[in-house]
2 protein chains.
Amino acid sequence: MVSYSTYPNKKMFDIPNKERSEEEKSLIKEICKKQRKKNKEIVVIQGLGFVGAVMAAIISDCEINDRIPYFVLGIDLPSEQSYWKIPTINAGQSPFKVEDPEIELIFNRAVNVKKNLKATWVKESYAEADIIIVDINLDVIKLDLGDSRKFEIQMDSFKAAIKDIGKNMNPKSLVLIESTIPPGTIEKIVLPLINECFRERSIDLIQNPPLIAHSYERVMPGANYINSIKKIWRTFSAVNEIASRKTRMFLSNIIDTKEFPLMELQHTRASEFGKILENSYRAMNIAFIYEWTLFAEDIGINLFAVIDSIRVRKGTHDNMMYPGFGVGGYCLPKDTLLAEWASKELYHRDKELKFSLEAINVNDLMPHHTFELLQKGMGGDLKSKRVAILGASYRNDVGDTRNSPSIYLYDCIKYVGAYPIIHDPYSNFIEGRDDIRITKSINTTLKDAEGLVFTINHKQYVNISMNILVENLSKNSCIIDAFDVLDDKKILYLKQNGFKVLGVGKGHINNL
Amino acid sequence: MVSYSTYPNKKMFDIPNKERSEEEKSLIKEICKKQRKKNKEIVVIQGLGFVGAVMAAIISDCEINDRIPYFVLGIDLPSEQSYWKIPTINAGQSPFKVEDPEIELIFNRAVNVKKNLKATWVKESYAEADIIIVDINLDVIKLDLGDSRKFEIQMDSFKAAIKDIGKNMNPKSLVLIESTIPPGTIEKIVLPLINECFRERSIDLIQNPPLIAHSYERVMPGANYINSIKKIWRTFSAVNEIASRKTRMFLSNIIDTKEFPLMELQHTRASEFGKILENSYRAMNIAFIYEWTLFAEDIGINLFAVIDSIRVRKGTHDNMMYPGFGVGGYCLPKDTLLAEWASKELYHRDKELKFSLEAINVNDLMPHHTFELLQKGMGGDLKSKRVAILGASYRNDVGDTRNSPSIYLYDCIKYVGAYPIIHDPYSNFIEGRDDIRITKSINTTLKDAEGLVFTINHKQYVNISMNILVENLSKNSCIIDAFDVLDDKKILYLKQNGFKVLGVGKGHINNL
């Protein structure tokens, strides 16, 4: 039986059989031998997702004094879900449609011009590595949205991935973990696992203490994708001095450490902790503003203007978040849960990260407020009505739909018997939700809709002509501005044209 | 019977009787007449506390193109608690000992050289004002520390003060409120009160709509006291256009609006809201870090280093707070409660400011963690032992002890039968706590103490010689660094000398 792996754009690839895998193994060996002769180190990247794929491209593109220091092998699983990335990269294409134009160029250059990057699936590749970079996801499954105490983390698949490395790696190689993991994971899970693998392989642990380090990335999808790796601060930590030295040297080659000097923390726990604290801080501040958003709406205040007047205080108040529709992406909705898991399971603490857990709940349910505004604006009953949603992604001018709050809103609208239709200029699909079709024509989306929700401030939405709304929407439609897309002038114009307009954090527009 | 008002340094003043008040009235009239002839406007400031006194000095010191635009009358109550400020200011002295050396100079200059500032107690002075500035406190009394839902706000005395103005003021004058007040107070309390006063005085409200504005100060005690008024962003809002214009003109004369342009919000509700949101944001972020502080301590992480590595992200993460001993001062411990009061009492909302209220609780009880560290470090039983507290004030290099968490710690230590002794180079007294004597000699404070807590990072403490600790403290004493006063080198030295050292947010020092 042949299995297929399907690229999001429906292109299908055969998943390799045993025979092809044997051929690939020999090929990898041969390639690495050649590359070593060119005085290159071999970097193997585990996981070709949003981080790993672009890391692979950046590292393979790296040049120092006209010398190419690293040859890169990117590894992902030969599974239906993941395999398609491998032939895609090997064709010199980015596996993800992204907004940074440099990305497609860099993949083409690395694969077709420099021939310095190859994606593969064979685990034996780890044996070839001088440096192994772990960029796999440690996923969290929420069992009950709105109750952040109920979740599971996919530690088994993370452990299996680490074992793949331990069983195959050269014991002198550096394992650099970039994944977001619970504080304590390296010392309490990764290091013991690799020690065990080494013992099984009769590797002397005194002679060859595993070289493991942690350094978290701050990748941000969007137009500055590459610079969100290369030109940004990096924190790292390592289990011993050799690992620390190797990590420092490697990162100095990849990152602009002149402008952004590396910061080393004294323990892997600390940098694991740092990444999660950093994201919990953002999540918390979003949740904090939410309760003031509701207050401002109830008493007729334009919270955006108030926050603008506070954020001028640079260094003390300029991290204050604006009101919004909700929180999405891979990190903010779940990172706190990794810390809570560590607290309980790795350190057996009986104290909770109470605020931070509650922030996750508030953020998860935040889009419900927009749904309530919509219900209010549409007079309660949405049954059989068309509702247009402008925005499938969670971030402006980016196509990323992972955990997008738009999905929640879509489901709410459907649940009450209305017909949601969702548009996004950047996103083409929502993973795991083949039932949601993203439309590409704004006119089609708006046509005869009785409700419209702006969920994100994509440029296209901020610049949309009010005439398009007036011409396409049903008469007396309700428009919800959930992400500060419309200014007061536009809102006034829409009201004058018979529309009902409400906005998240825009208490003042009820009186406009 | 003669009543006295006592300056904190024990100097006593007779509270004026009726006869003296009558004389004062005539004197005020005469002075104002003279000052008006010099083409000055009369500014009357209600409330000579931390904000009002220094505002009075700054306004009276104001010069524009060599012209002095304002003569200032400062008003406070002829009560035992407040009267002493009046003769003190009239002697050309600051009523508060502050760290900004400019303050004493400015009071002397305003009163003795320029003769442009007079403090008084007679309410009839409001009649003389072109501009009345309200700088009185609206106090909150917490009924149950740790339960922020139980509190009372002193609205009656605030209303009485507003009535004093309404009954006496010239209806064409501007009333500029700088006090932190619940959102909605001006429209729902102040304006109706003044309207009522005007009606009783048969003033035509159509001809003379009261001119009321709100503009909140951001005064910060310390070395930059004056600049925390003059060189800082200002937000304001007014009930009508005339009030807005007058406020803009006045503030432009006092504040460096070239560098810090004024920001006007569209409704008084909004600027009332802004001040409270601003402080609730800080309070929330302090409370947020507290739960990560406990986690970091439990698992051996130096949270200061972690936060340093995150705060490099300017504009998104550099408002992150560091671990600390607790929260004090006039604003942060209570401002959120004013908003919660408004939500319930003025707007009858049934939603709570849940996070923000819980933050107040966490912060109020935060010093208890330091007490627990102390108990742990001292082996549980503190009975009959001397414990030195270095720091009475809540802020570094400032003498302000209002709501200082040191008071909480002092009480805990006393409660378990130990002997607290508290030192501060800047503070001389704690209002309302005559039982707590602040010592001025570090040696005396430390002598034979078996416990020592650094509660604040005053320069003097950061620079303290470790020998002073070694020489004075009891052998094997326990030292708690609750505010990052000691660096790791010092901690190591103290440990080598037999001391037990623990620190808030310093999980790593247990292993040093």
# chains A, B, ... in the order shown; residues from 1 in each chain; ligands from 1

$ residues_around --residues "Gly47 of chain B" --least-positions-apart "3" --cutoff "7 Å" --atoms "only C-alpha atoms" --output "number ranges by chain"
B: 52, 75-76, 134-136

$ interface_residues --of "chain A" --to "chain B" --cutoff "6 Å" --atoms "only C-alpha atoms" --output "PyMOL selection string"
chain A and resi 270+274+291+301+306+315-316+318-319+353

$ write_last_selection --atoms "N, CA and C atoms" --output "PDB file, in the first residue's frame"
ATOM      1  N   ALA A 270      16.804  27.991  33.559  1.00  0.00           N
ATOM      2  CA  ALA A 270      16.557  29.435  33.521  1.00  0.00           C
ATOM      3  C   ALA A 270      16.152  29.894  32.119  1.00  0.00           C
ATOM      4  N   GLY A 274      12.681  31.347  30.950  1.00  0.00           N
ATOM      5  CA  GLY A 274      12.637  32.682  30.351  1.00  0.00           C
ATOM      6  C   GLY A 274      11.648  32.762  29.188  1.00  0.00           C
ATOM      7  N   GLU A 291     -10.465  43.231  30.844  1.00  0.00           N
ATOM      8  CA  GLU A 291     -11.488  43.655  31.818  1.00  0.00           C
ATOM      9  C   GLU A 291     -11.692  45.168  31.785  1.00  0.00           C
ATOM     10  N   ILE A 301     -16.249  54.955  26.913  1.00  0.00           N
ATOM     11  CA  ILE A 301     -14.895  55.492  26.747  1.00  0.00           C
ATOM     12  C   ILE A 301     -14.211  54.854  25.535  1.00  0.00           C
ATOM     13  N   VAL A 306      -7.271  56.426  25.396  1.00  0.00           N
ATOM     14  CA  VAL A 306      -6.732  56.430  26.761  1.00  0.00           C
ATOM     15  C   VAL A 306      -5.368  55.732  26.783  1.00  0.00           C
ATOM     16  N   GLY A 315       9.264  52.796  28.593  1.00  0.00           N
ATOM     17  CA  GLY A 315      10.060  52.052  29.577  1.00  0.00           C
ATOM     18  C   GLY A 315       9.265  51.621  30.792  1.00  0.00           C
ATOM     19  N   THR A 316       8.169  52.308  31.072  1.00  0.00           N
ATOM     20  CA  THR A 316       7.352  51.894  32.215  1.00  0.00           C
ATOM     21  C   THR A 316       5.931  51.505  31.808  1.00  0.00           C
ATOM     22  N   ASP A 318       4.840  51.489  28.147  1.00  0.00           N
ATOM     23  CA  ASP A 318       4.624  51.342  26.705  1.00  0.00           C
ATOM     24  C   ASP A 318       4.465  49.898  26.241  1.00  0.00           C
ATOM     25  N   ASN A 319       4.453  48.954  27.181  1.00  0.00           N
ATOM     26  CA  ASN A 319       4.102  47.569  26.814  1.00  0.00           C
ATOM     27  C   ASN A 319       2.609  47.322  26.972  1.00  0.00           C
ATOM     28  N   LEU A 353       0.380  28.832  39.209  1.00  0.00           N
ATOM     29  CA  LEU A 353       0.616  30.106  38.518  1.00  0.00           C
ATOM     30  C   LEU A 353      -0.758  30.706  38.222  1.00  0.00           C
TER      31      LEU A 353
END

$ closest_residue --among "B:Ile468, B:Phe50, B:Leu486, B:Lys447" --to "Ser228 of chain B" --atoms "only C-alpha atoms"
B:Phe50

$ closest_residue --among "A:Pro16, A:Ser60, A:Glu217, A:Pro171" --to "Arg199 of chain A" --atoms "only C-alpha atoms"
A:Pro171

$ closest_residue --among "B:Glu128, B:Asp434, B:Glu297, B:Asp139" --to "Pro333 of chain B" --atoms "only C-alpha atoms"
B:Asp139

$ residues_around --residues "segment 495-499 of chain B" --least-positions-apart "3" --cutoff "8 Å" --atoms "only C-alpha atoms" --output "list of chain:residue names"
B:Val470, B:Lys475, B:Asn476, B:Ser477, B:Cys478, B:Ile479, B:Ile491, B:Leu492

$ select_by_dssp --residues "segment 6-174 of chain B" --states "strand (DSSP E)" --output "PyMOL selection string"
chain B and resi 6+12-14+41-46+70-75+117-120+131-134+140-142+151-153+174

$ closest_residue --among "A:Lys40, A:His214, A:His423, A:Lys97" --to "Ile177 of chain A" --atoms "only C-alpha atoms"
A:His214

$ closest_residue --among "B:Asn240, B:Ser252, B:Thr6, B:Gln207" --to "Leu191 of chain B" --atoms "only C-alpha atoms"
B:Asn240

$ select_by_dssp --residues "segment 110-356 of chain B" --states "helix (DSSP H, G or I)" --output "PyMOL selection string"
chain B and resi 110-113+123-128+155-168+185-200+227-230+241-254+268-298+303-311+335-346+354-356

$ residues_around --residues "Asn224 of chain A" --least-positions-apart "4" --cutoff "12 Å" --atoms "only C-alpha atoms" --output "PyMOL selection string"
chain A and resi 54+98-103+218-220+228-232+397-398

$ closest_residue --among "A:Lys414, A:Asp481, A:Asn472, A:Ile286" --to "Thr370 of chain A" --atoms "only C-alpha atoms"
A:Asp481

$ residues_around --residues "Val485 of chain B" --least-positions-apart "3" --cutoff "12 Å" --atoms "only C-alpha atoms" --output "ChimeraX atom specification"
/B:304,323-325,390-391,396,453-466,479-482,488-491,501-506

$ residues_around --residues "Asn195 of chain A" --least-positions-apart "6" --cutoff "9 Å" --atoms "only C-alpha atoms" --output "PDB file with N, CA and C atoms, in the first residue's frame"
ATOM      1  N   GLY A 166      19.496  10.502  20.542  1.00  0.00           N
ATOM      2  CA  GLY A 166      20.425   9.800  21.436  1.00  0.00           C
ATOM      3  C   GLY A 166      20.932   8.490  20.856  1.00  0.00           C
ATOM      4  N   ILE A 203      28.692   3.942  25.419  1.00  0.00           N
ATOM      5  CA  ILE A 203      29.512   5.157  25.346  1.00  0.00           C
ATOM      6  C   ILE A 203      29.850   5.576  26.772  1.00  0.00           C
ATOM      7  N   LEU A 205      30.226   7.775  29.700  1.00  0.00           N
ATOM      8  CA  LEU A 205      29.636   9.088  30.005  1.00  0.00           C
ATOM      9  C   LEU A 205      30.632  10.043  30.655  1.00  0.00           C
ATOM     10  N   PRO A 209      30.392  13.258  28.278  1.00  0.00           N
ATOM     11  CA  PRO A 209      29.148  13.783  28.847  1.00  0.00           C
ATOM     12  C   PRO A 209      28.359  14.458  27.730  1.00  0.00           C
ATOM     13  N   PRO A 210      27.077  14.168  27.617  1.00  0.00           N
ATOM     14  CA  PRO A 210      26.309  14.762  26.510  1.00  0.00           C
ATOM     15  C   PRO A 210      26.426  16.287  26.518  1.00  0.00           C
TER      16      PRO A 210
END

$ residues_around --residues "Leu337 of chain B" --least-positions-apart "5" --cutoff "10 Å" --atoms "only C-alpha atoms" --output "ChimeraX atom specification"
/B:140-142,148-153,182,276,280,332,342-343,353,356-357,360

$ atom_distance --atom1 "atom CA of Ile58 of chain B" --atom2 "atom CA of Ile15 of chain B"
26.7 Å

$ atom_distance --atom1 "atom CA of Phe107 of chain B" --atom2 "atom CA of Ser94 of chain B"
6.0 Å
